[in-house]
>>> print(open('my_file_39.txt').read())   # compact mmCIF, C-alpha atoms
# COMPACT_ATOMS: atom_id res chain seq x y z
CA MET V 1 0.00 0.00 0.00
CA ASN V 2 1.48 3.37 -0.94
CA LYS V 3 1.18 6.58 1.03
CA GLU V 4 -1.73 7.97 -0.96
CA THR V 5 -3.88 4.84 -0.57
CA TYR V 6 -3.02 4.56 3.09
CA LEU V 7 -3.98 8.16 3.83
CA LYS V 8 -7.19 7.87 1.78
CA GLN V 9 -8.27 4.76 3.71
CA LEU V 10 -7.44 6.37 7.03
CA GLU V 11 -9.38 9.50 6.08
CA ALA V 12 -12.44 7.44 5.12
CA LEU V 13 -12.32 5.57 8.42
CA LEU V 14 -11.91 8.68 10.57
CA LYS V 15 -14.55 10.79 8.85
CA GLY V 16 -17.77 10.90 10.79
CA HIS V 17 -15.99 10.02 14.01
CA LEU V 18 -13.83 13.12 14.35
CA SER V 19 -14.18 16.72 13.23
CA GLY V 20 -12.80 17.78 9.84
CA ALA V 21 -9.99 19.76 11.46
CA GLU V 22 -8.97 16.81 13.57
CA VAL V 23 -8.96 14.44 10.59
CA ALA V 24 -6.86 16.92 8.59
CA ASP V 25 -4.39 17.23 11.47
CA ILE V 26 -4.08 13.46 11.84
CA LEU V 27 -3.52 13.01 8.09
CA ARG V 28 -0.88 15.74 8.25
CA ASP V 29 0.96 13.75 10.96
CA TYR V 30 0.88 10.50 8.95
CA ASN V 31 1.95 12.31 5.81
CA GLU V 32 4.92 13.70 7.72
CA PHE V 33 5.72 10.20 8.92
CA PHE V 34 5.67 8.78 5.40
CA GLU V 35 7.88 11.61 4.19
CA ASP V 36 10.38 11.03 7.01
CA GLY V 37 10.42 7.33 6.10
CA ARG V 38 11.00 8.13 2.47
CA LYS V 39 13.94 10.33 3.48
CA GLN V 40 15.44 7.23 5.11
CA GLY V 41 15.09 5.48 1.76
CA LYS V 42 12.22 3.24 2.86
CA PRO V 43 9.57 2.20 0.35
CA ASP V 44 5.96 3.21 1.14
CA GLU V 45 4.95 -0.45 1.46
CA GLU V 46 7.43 -1.03 4.27
CA ILE V 47 6.41 2.16 6.09
CA ALA V 48 2.70 1.27 5.77
CA ALA V 49 3.29 -2.30 6.97
CA LYS V 50 5.14 -1.05 10.08
CA LEU V 51 2.45 1.52 10.83
CA GLY V 52 -0.24 -1.12 11.14
CA SER V 53 -3.49 -1.28 9.20
CA PRO V 54 -5.51 1.96 8.78
CA GLU V 55 -8.39 0.14 10.51
CA LEU V 56 -6.27 -0.46 13.61
CA ILE V 57 -5.08 3.17 13.67
CA ALA V 58 -8.57 4.58 13.13
CA GLU V 59 -9.86 2.37 15.93
CA GLN V 60 -7.22 3.78 18.28
CA PHE V 61 -8.17 7.34 17.43
CA THR V 62 -11.89 6.81 17.81
CA GLU V 63 -11.33 4.92 21.06
CA GLU V 64 -9.23 7.78 22.42
CA ALA V 65 -11.85 10.27 21.30
CA ASP V 66 -14.59 8.29 23.04
CA GLY V 67 -12.47 8.24 26.19
CA GLN V 68 -12.59 4.45 26.30
CA GLY V 69 -8.85 4.12 26.03
CA HIS V 70 -8.41 5.92 29.29
CA PRO V 71 -11.41 5.96 31.61
CA ASP V 72 -9.57 8.38 33.94
CA ASN V 73 -9.33 10.94 31.19
CA ALA V 74 -12.80 10.45 29.76
CA ALA V 75 -13.49 14.16 30.00
CA GLY V 76 -11.09 15.27 27.30
CA PRO V 77 -11.44 18.59 25.55
CA ALA V 78 -12.84 16.86 22.43
CA THR V 79 -16.24 18.20 21.50
CA PRO V 80 -18.80 15.38 21.49
CA ARG V 81 -20.42 14.47 18.18
CA PRO V 82 -24.22 13.96 18.11
CA ALA V 83 -23.96 10.15 17.98
CA GLU V 84 -21.47 10.18 20.81
CA ALA V 85 -23.62 12.55 22.82
CA PHE V 86 -26.57 10.20 22.33
CA GLU V 87 -24.49 7.22 23.44
CA LYS V 88 -23.33 9.15 26.48
CA THR V 89 -26.87 10.18 27.36
CA ALA V 90 -28.10 6.62 26.93
CA SER V 91 -25.34 5.25 29.09
CA LEU V 92 -25.99 7.93 31.70
CA LEU V 93 -29.69 7.11 31.64
CA GLY V 94 -28.87 3.43 32.03
CA ARG V 95 -26.56 4.15 34.88
CA GLY V 96 -29.22 6.38 36.46
CA LEU V 97 -31.87 3.67 36.20
CA HIS V 98 -29.46 1.15 37.58
CA SER V 99 -28.57 3.34 40.54
CA ALA V 100 -32.28 4.06 41.10
CA GLY V 101 -32.91 0.31 41.13
CA SER V 102 -30.12 -0.36 43.54
CA GLY V 103 -31.34 2.60 45.60
CA LEU V 104 -34.78 0.97 45.86
CA GLN V 105 -33.11 -2.26 46.84
CA ARG V 106 -31.12 -0.44 49.49
CA PHE V 107 -34.27 1.24 50.76
CA GLY V 108 -35.99 -2.16 51.00
CA ARG V 109 -33.09 -3.59 52.93
CA TRP V 110 -33.05 -0.56 55.19
CA LEU V 111 -36.82 -0.88 55.81
CA TRP V 112 -36.40 -4.56 56.65
CA LYS V 113 -33.59 -3.78 59.05
CA LEU V 114 -35.66 -1.00 60.61
CA ALA V 115 -38.62 -3.36 61.07
CA GLY V 116 -36.31 -5.86 62.71
CA ARG V 117 -35.01 -3.20 65.01
CA VAL V 118 -38.52 -2.02 65.89
CA VAL V 119 -39.62 -5.56 66.73
CA HIS V 120 -36.47 -6.09 68.74
CA ALA V 121 -36.93 -2.81 70.59
CA ALA V 122 -40.64 -3.52 71.22
CA GLY V 123 -39.78 -6.94 72.65
CA ARG V 124 -37.15 -5.39 74.84
CA ALA V 125 -39.54 -2.64 75.94
CA ALA V 126 -42.23 -5.23 76.79
CA LEU V 127 -39.72 -7.17 78.90
CA TRP V 128 -38.71 -3.99 80.68
CA ILE V 129 -42.34 -3.07 81.34
CA VAL V 130 -43.02 -6.51 82.86
CA PHE V 131 -39.85 -6.23 84.92
CA LEU V 132 -40.65 -2.72 86.17
CA PHE V 133 -44.21 -3.77 86.93
CA ALA V 134 -42.94 -6.73 89.00
CA LEU V 135 -40.44 -4.44 90.72
CA GLY V 136 -43.10 -1.88 91.50
CA PHE V 137 -45.47 -4.51 92.75
CA SER V 138 -42.81 -6.03 95.02
CA ALA V 139 -41.87 -2.63 96.39
CA PHE V 140 -45.53 -1.88 97.03
CA ALA V 141 -45.89 -5.25 98.82
CA ALA V 142 -42.85 -4.53 100.97
CA ILE V 143 -44.24 -1.14 102.02
CA LEU V 144 -47.64 -2.72 102.64
CA PHE V 145 -46.02 -5.37 104.86
CA VAL V 146 -44.18 -2.72 106.89
CA VAL V 147 -47.34 -0.67 107.39
CA PHE V 148 -49.38 -3.74 108.16
CA GLY V 149 -46.78 -5.12 110.62
CA LEU V 150 -46.35 -1.80 112.45
CA LEU V 151 -50.12 -1.30 112.59
CA LEU V 152 -50.58 -4.78 114.04
CA LEU V 153 -47.87 -4.13 116.69
CA VAL V 154 -49.35 -0.77 117.66
CA VAL V 155 -52.89 -2.14 117.79
CA SER V 156 -51.74 -5.13 119.85
CA ALA V 157 -49.91 -2.85 122.28
CA ALA V 158 -52.86 -0.46 122.52
CA THR V 159 -55.40 -3.21 123.14
CA LEU V 160 -53.16 -5.15 125.56
CA SER V 161 -55.46 -4.45 128.51
CA LEU V 162 -58.67 -5.07 126.60
CA THR V 163 -57.93 -8.46 125.09
CA SER V 164 -56.59 -11.70 126.34
CA PRO V 165 -52.78 -12.14 126.47
CA ALA V 166 -53.03 -14.89 123.80
CA VAL V 167 -54.65 -12.54 121.28
CA SER V 168 -52.12 -9.78 122.01
CA LEU V 169 -49.28 -12.27 121.63
CA CYS V 170 -50.72 -13.40 118.30
CA GLY V 171 -50.95 -9.75 117.22
CA VAL V 172 -47.33 -9.02 118.26
CA PHE V 173 -46.03 -12.14 116.47
CA GLY V 174 -48.21 -11.38 113.44
CA GLY V 175 -46.76 -7.85 113.35
CA LEU V 176 -43.18 -9.10 113.70
CA PHE V 177 -43.82 -11.72 110.99
CA ALA V 178 -45.16 -9.03 108.65
CA LEU V 179 -42.09 -6.90 109.33
CA CYS V 180 -39.81 -9.88 108.57
CA LEU V 181 -41.70 -10.49 105.35
CA SER V 182 -41.37 -6.85 104.39
CA ALA V 183 -37.63 -7.03 105.07
CA LEU V 184 -37.34 -10.10 102.84
CA THR V 185 -39.40 -8.44 100.11
CA GLY V 186 -37.29 -5.31 100.51
CA ILE V 187 -34.10 -7.31 99.95
CA LEU V 188 -35.69 -8.95 96.91
CA VAL V 189 -36.71 -5.56 95.50
CA PHE V 190 -33.26 -4.15 96.13
CA ARG V 191 -31.58 -7.08 94.37
CA MET V 192 -34.02 -6.94 91.48
CA ALA V 193 -33.51 -3.23 91.06
CA ARG V 194 -29.73 -3.62 91.16
CA ARG V 195 -29.83 -6.37 88.59
CA GLY V 196 -32.17 -4.40 86.36
CA TRP V 197 -29.96 -1.36 86.60
CA ARG V 198 -26.84 -3.32 85.66
CA THR V 199 -28.60 -4.89 82.69
CA ALA V 200 -29.82 -1.53 81.53
CA GLU V 201 -26.36 -0.06 81.99
CA ARG V 202 -24.75 -2.82 79.94
CA ALA V 203 -27.43 -2.78 77.26
CA TYR V 204 -27.71 0.96 76.75
CA PHE V 205 -24.95 3.02 78.27
CA ILE V 206 -21.82 0.92 77.84
CA LYS V 207 -22.81 -0.12 74.33
CA GLU V 208 -23.34 3.48 73.37
CA GLU V 209 -19.96 4.36 74.75
CA ALA V 210 -18.38 1.55 72.76
CA SER V 211 -20.10 2.68 69.60
CA THR V 212 -18.94 6.26 70.06
CA HIS V 213 -15.41 4.97 70.52
CA ALA V 214 -15.69 2.84 67.39
CA MET B 1 1.03 -8.79 25.75
CA ASN B 2 -2.17 -7.20 27.05
CA THR B 3 -2.83 -4.19 24.78
CA GLN B 4 -4.11 -1.93 27.53
CA PHE B 5 -1.08 -2.67 29.63
CA ARG B 6 1.20 -2.09 26.64
CA LYS B 7 -0.51 1.16 25.81
CA GLY B 8 0.15 2.48 29.31
CA ALA B 9 3.81 1.52 29.10
CA ILE B 10 4.20 3.09 25.64
CA GLU B 11 2.58 6.25 26.98
CA MET B 12 5.24 6.46 29.67
CA CYS B 13 8.02 5.88 27.11
CA VAL B 14 6.63 8.67 24.92
CA LEU B 15 6.55 11.05 27.89
CA ALA B 16 10.09 10.10 28.90
CA LEU B 17 11.45 10.58 25.37
CA ILE B 18 9.87 14.01 25.00
CA ALA B 19 10.85 15.03 28.55
CA ALA B 20 14.52 14.61 27.51
CA LYS B 21 14.17 16.95 24.52
CA ASP B 22 11.67 18.20 21.97
CA ARG B 23 11.11 15.51 19.33
CA TYR B 24 9.05 14.93 16.19
CA GLY B 25 6.78 11.97 15.42
CA TYR B 26 9.06 9.84 13.29
CA GLU B 27 11.90 10.24 15.77
CA ILE B 28 9.71 9.20 18.72
CA VAL B 29 8.32 6.19 16.88
CA GLN B 30 11.75 4.98 15.75
CA SER B 31 13.17 5.40 19.28
CA ILE B 32 10.53 3.02 20.60
CA ALA B 33 10.57 0.69 17.59
CA ALA B 34 14.31 0.20 18.13
CA TYR B 35 13.51 -1.69 21.31
CA THR B 36 10.22 -3.42 20.68
CA ASP B 37 8.05 -4.60 17.84
CA ILE B 38 5.08 -2.23 17.79
CA ASN B 39 2.53 -1.09 15.28
CA GLU B 40 4.28 2.20 14.66
CA GLY B 41 1.05 3.98 13.80
CA THR B 42 -0.36 3.47 17.27
CA VAL B 43 2.01 6.03 18.79
CA TYR B 44 0.21 8.96 17.15
CA PRO B 45 -3.10 8.43 18.93
CA ILE B 46 -1.18 8.49 22.22
CA LEU B 47 0.69 11.66 21.21
CA ARG B 48 -2.57 13.27 20.23
CA ARG B 49 -4.34 12.44 23.47
CA LEU B 50 -1.44 13.57 25.64
CA THR B 51 -1.38 16.83 23.69
CA MET B 52 -5.12 17.32 24.16
CA GLU B 53 -4.65 16.70 27.88
CA GLU B 54 -2.02 19.47 27.90
CA HIS B 55 0.91 17.22 28.73
CA PHE B 56 2.56 18.43 25.51
CA VAL B 57 2.48 21.50 23.35
CA THR B 58 3.37 21.24 19.68
CA TYR B 59 5.00 23.55 17.19
CA LEU B 60 5.84 23.22 13.52
CA LYS B 61 9.39 23.54 12.30
CA GLU B 62 10.17 23.86 8.62
CA SER B 63 12.23 21.06 7.20
CA THR B 64 14.83 21.53 4.44
CA ILE B 65 13.01 19.03 2.27
CA GLY B 66 9.47 17.74 2.60
CA PRO B 67 6.69 18.94 4.90
CA ALA B 68 7.18 20.82 8.16
CA ARG B 69 7.78 18.64 11.19
CA LYS B 70 5.53 18.79 14.22
CA TYR B 71 7.63 18.91 17.38
CA TYR B 72 6.36 17.90 20.78
CA HIS B 73 7.43 19.80 23.88
CA ILE B 74 6.58 18.61 27.40
CA THR B 75 4.69 20.98 29.75
CA GLU B 76 4.97 21.24 33.53
CA LYS B 77 1.78 19.22 33.75
CA GLY B 78 3.37 16.57 31.54
CA ARG B 79 6.47 16.43 33.75
CA ALA B 80 4.36 15.99 36.87
CA TYR B 81 2.34 13.28 35.14
CA LEU B 82 5.50 11.48 34.02
CA ALA B 83 6.93 11.64 37.56
CA ALA B 84 3.74 10.09 38.95
CA LEU B 85 3.71 7.37 36.26
CA LYS B 86 7.37 6.57 36.88
CA GLN B 87 6.78 6.25 40.61
CA ASP B 88 3.83 3.91 40.02
CA TRP B 89 5.83 1.91 37.50
CA LYS B 90 8.80 1.48 39.85
CA GLU B 91 6.61 0.32 42.71
CA PHE B 92 4.63 -1.97 40.46
CA SER B 93 7.65 -3.56 38.78
CA LEU B 94 9.38 -4.05 42.14
CA MET B 95 6.32 -5.86 43.42
CA VAL B 96 6.09 -8.06 40.32
CA ASP B 97 9.82 -8.90 40.46
CA GLU B 98 9.54 -9.78 44.13
CA ILE B 99 6.53 -12.03 43.67
CA ILE B 100 8.20 -13.80 40.74
CA ALA B 101 11.43 -14.31 42.70
CA VAL B 102 9.63 -15.61 45.80
CA SER B 103 7.44 -17.91 43.70
CA GLU B 104 10.44 -19.36 41.90
CA GLN B 105 12.17 -20.09 45.19
CA GLU B 106 9.04 -21.69 46.56
CA GLY B 107 8.77 -23.80 43.40
CA LYS B 108 12.34 -25.02 43.77
CA LYS B 109 11.74 -25.99 47.38
CA ASN B 110 8.68 -28.03 46.44
CA GLU B 111 10.45 -29.94 43.69
>>> encode(input="my_file_39.txt", output="structure tokens")
Amino acid sequence: MNKETYLKQLEALLKGHLSGAEVADILRDYNEFFEDGRKQGKPDEEIAAKLGSPELIAEQFTEEADGQGHPDNAAGPATPRPAEAFEKTASLLGRGLHSAGSGLQRFGRWLWKLAGRVVHAAGRAALWIVFLFALGFSAFAAILFVVFGLLLLVVSAATLSLTSPAVSLCGVFGGLFALCLSALTGILVFRMARRGWRTAERAYFIKEEASTHA
Amino acid sequence: MNTQFRKGAIEMCVLALIAAKDRYGYEIVQSIAAYTDINEGTVYPILRRLTMEEHFVTYLKESTIGPARKYYHITEKGRAYLAALKQDWKEFSLMVDEIIAVSEQEGKKNE
């Protein structure tokens, strides 16, 4: 293939992909190359063979122009042709749809996770409510026992002269028994409360601290 | 060899050649072709892109016979780019050499 044929083929392949000025500039470069080769005494055929086929060269230029050769430098100063602009828009649209789809997927996953968390939190809250209710009830019982025991002792002491010694004795023992019960219940309440507090501390405060550290 | 990989390496060679002194197309192509068998025409697309990315500026110089020659001159941006590429290349080739050497030793041990 001589220089003229080579340049003609290259021109035909580049036209439509690059602007007229760009094609002219590229042909100028290859013409210069052929001329430099000729100066070295090389026949056109040899120069053309070493250059590689016009198809290969044209492909390289159009690839570079499309920014496919180097994704990092996709935003070159080349002005986009209509076909290229369309391709870019289509690919952007595709990417947009894809990211919208994956966004929806992410939202679904997030919703599922949220639901899981809500259920988990509700279960935990229910447990806490039951626990606090039991604690409150026990505390109430302990106070009731104290009041009841003291009342019984006072009444027994006050009515000592009115009733038989056996009844008073029963009242005193009943009062003491109630006070013992209230003490036991009090210990139970105290232990329950301590345990509840520690659990809460571990579940909420320490974890939060760990997460802020992380 | 992988064309993409080759293209990157040729790009670095082109930058290095022009960083040394201003050169014209035929000179650049022959400098590379002296070492490796390439499709000589594929250097121009690289020159063109690097010029568009402002790594080179070009100027025409009249020749005694034949058409004017287009000379390529490296810019500051081009020098910085070449320095970064060289650094990457050195680190990369060191890593490859090391892995090959270690693998060969391991292979000998297992024989």
>>> closest_residue(input="my_file_39.txt", among="V:Gly186, V:Glu35, V:Lys8, V:Ser19", to="Ser63 in chain B", atoms="only C-alpha atoms")
V:Glu35
>>> residues_around(input="my_file_39.txt", residues="Leu176 in chain V", least_positions_apart="3", cutoff="9 Å", atoms="only C-alpha atoms", output="list in words")
Gly149, Leu150, Leu152, Leu153, Gly171, Val172, Phe173, Leu179, Cys180 and Leu181 of chain V
>>> closest_atom_pairs(input="my_file_39.txt", of="chain B", to="chain V", cutoff="7 Å", atoms="all atoms listed in the file", output="JSON lines")
{"residue": "B:Gly25", "atom": "CA", "partner": "V:Phe33", "partner_atom": "CA", "distance": 6.8}
{"residue": "B:Tyr26", "atom": "CA", "partner": "V:Phe33", "partner_atom": "CA", "distance": 5.5}
{"residue": "B:Asn39", "atom": "CA", "partner": "V:Gly52", "partner_atom": "CA", "distance": 5.0}
{"residue": "B:Glu40", "atom": "CA", "partner": "V:Leu51", "partner_atom": "CA", "distance": 4.3}
{"residue": "B:Gly41", "atom": "CA", "partner": "V:Leu51", "partner_atom": "CA", "distance": 4.1}
{"residue": "B:Thr42", "atom": "CA", "partner": "V:Ile57", "partner_atom": "CA", "distance": 5.9}
{"residue": "B:Pro45", "atom": "CA", "partner": "V:Phe61", "partner_atom": "CA", "distance": 5.4}
{"residue": "B:Arg49", "atom": "CA", "partner": "V:Glu64", "partner_atom": "CA", "distance": 6.8}
{"residue": "B:Met52", "atom": "CA", "partner": "V:Pro77", "partner_atom": "CA", "distance": 6.6}
{"residue": "B:Glu53", "atom": "CA", "partner": "V:Gly76", "partner_atom": "CA", "distance": 6.6}
{"residue": "B:Gly66", "atom": "CA", "partner": "V:Glu35", "partner_atom": "CA", "distance": 6.5}
{"residue": "B:Pro67", "atom": "CA", "partner": "V:Glu32", "partner_atom": "CA", "distance": 6.2}
{"residue": "B:Arg69", "atom": "CA", "partner": "V:Glu32", "partner_atom": "CA", "distance": 6.7}
>>> closest_residue(input="my_file_39.txt", among="V:Ala122, V:Asp44, V:Ser99, V:Phe131", to="Thr199 in chain V", atoms="all atoms listed in the file")
V:Phe131
>>> atom_distance(input="my_file_39.txt", atom1="CA of Ala101 in chain B", atom2="CA of Cys13 in chain B")
25.7 Å
>>> atom_distance(input="my_file_39.txt", atom1="CA of Asp22 in chain B", atom2="CA of Tyr59 in chain B")
9.8 Å
>>> axis_aligned_box(input="my_file_39.txt", around="range 22-32 of chain V", padding_each_side="6 Å", output="AutoDock Vina command-line options")
--center_x -2.0 --center_y 13.9 --center_z 9.7 --size_x 25.9 --size_y 18.7 --size_z 19.8
>>> residues_near_point(input="my_file_39.txt", point="(4.0, 12.1, 33.1)", cutoff="12 Å", atoms="all atoms listed in the file", output="ChimeraX atom specification")
/B:8-19,50-51,53-56,74-89
>>> atom_distance(input="my_file_39.txt", atom1="CA of Leu144 in chain V", atom2="CA of Ser182 in chain V")
7.7 Å
>>> residues_around(input="my_file_39.txt", residues="Tyr71 in chain B", least_positions_apart="4", cutoff="6 Å", atoms="only C-alpha atoms", output="list in words")
Arg23, Tyr24, Thr58 and Tyr59 of chain B
>>> residues_around(input="my_file_39.txt", residues="Val189 in chain V", least_positions_apart="4", cutoff="12 Å", atoms="all atoms listed in the file", output="PDB file with C-alpha atoms, keeping the file's coordinate frame")
ATOM      1  CA  PHE V 131     -39.850  -6.230  84.920  1.00  0.00           C
ATOM      2  CA  LEU V 132     -40.650  -2.720  86.170  1.00  0.00           C
ATOM      3  CA  PHE V 133     -44.210  -3.770  86.930  1.00  0.00           C
ATOM      4  CA  ALA V 134     -42.940  -6.730  89.000  1.00  0.00           C
ATOM      5  CA  LEU V 135     -40.440  -4.440  90.720  1.00  0.00           C
ATOM      6  CA  GLY V 136     -43.100  -1.880  91.500  1.00  0.00           C
ATOM      7  CA  PHE V 137     -45.470  -4.510  92.750  1.00  0.00           C
ATOM      8  CA  SER V 138     -42.810  -6.030  95.020  1.00  0.00           C
ATOM      9  CA  ALA V 139     -41.870  -2.630  96.390  1.00  0.00           C
ATOM     10  CA  PHE V 140     -45.530  -1.880  97.030  1.00  0.00           C
ATOM     11  CA  ALA V 141     -45.890  -5.250  98.820  1.00  0.00           C
ATOM     12  CA  ALA V 142     -42.850  -4.530 100.970  1.00  0.00           C
ATOM     13  CA  ILE V 143     -44.240  -1.140 102.020  1.00  0.00           C
ATOM     14  CA  SER V 182     -41.370  -6.850 104.390  1.00  0.00           C
ATOM     15  CA  ALA V 183     -37.630  -7.030 105.070  1.00  0.00           C
ATOM     16  CA  LEU V 184     -37.340 -10.100 102.840  1.00  0.00           C
ATOM     17  CA  THR V 185     -39.400  -8.440 100.110  1.00  0.00           C
ATOM     18  CA  ALA V 193     -33.510  -3.230  91.060  1.00  0.00           C
ATOM     19  CA  ARG V 194     -29.730  -3.620  91.160  1.00  0.00           C
ATOM     20  CA  ARG V 195     -29.830  -6.370  88.590  1.00  0.00           C
ATOM     21  CA  GLY V 196     -32.170  -4.400  86.360  1.00  0.00           C
ATOM     22  CA  TRP V 197     -29.960  -1.360  86.600  1.00  0.00           C
TER      23      TRP V 197
END
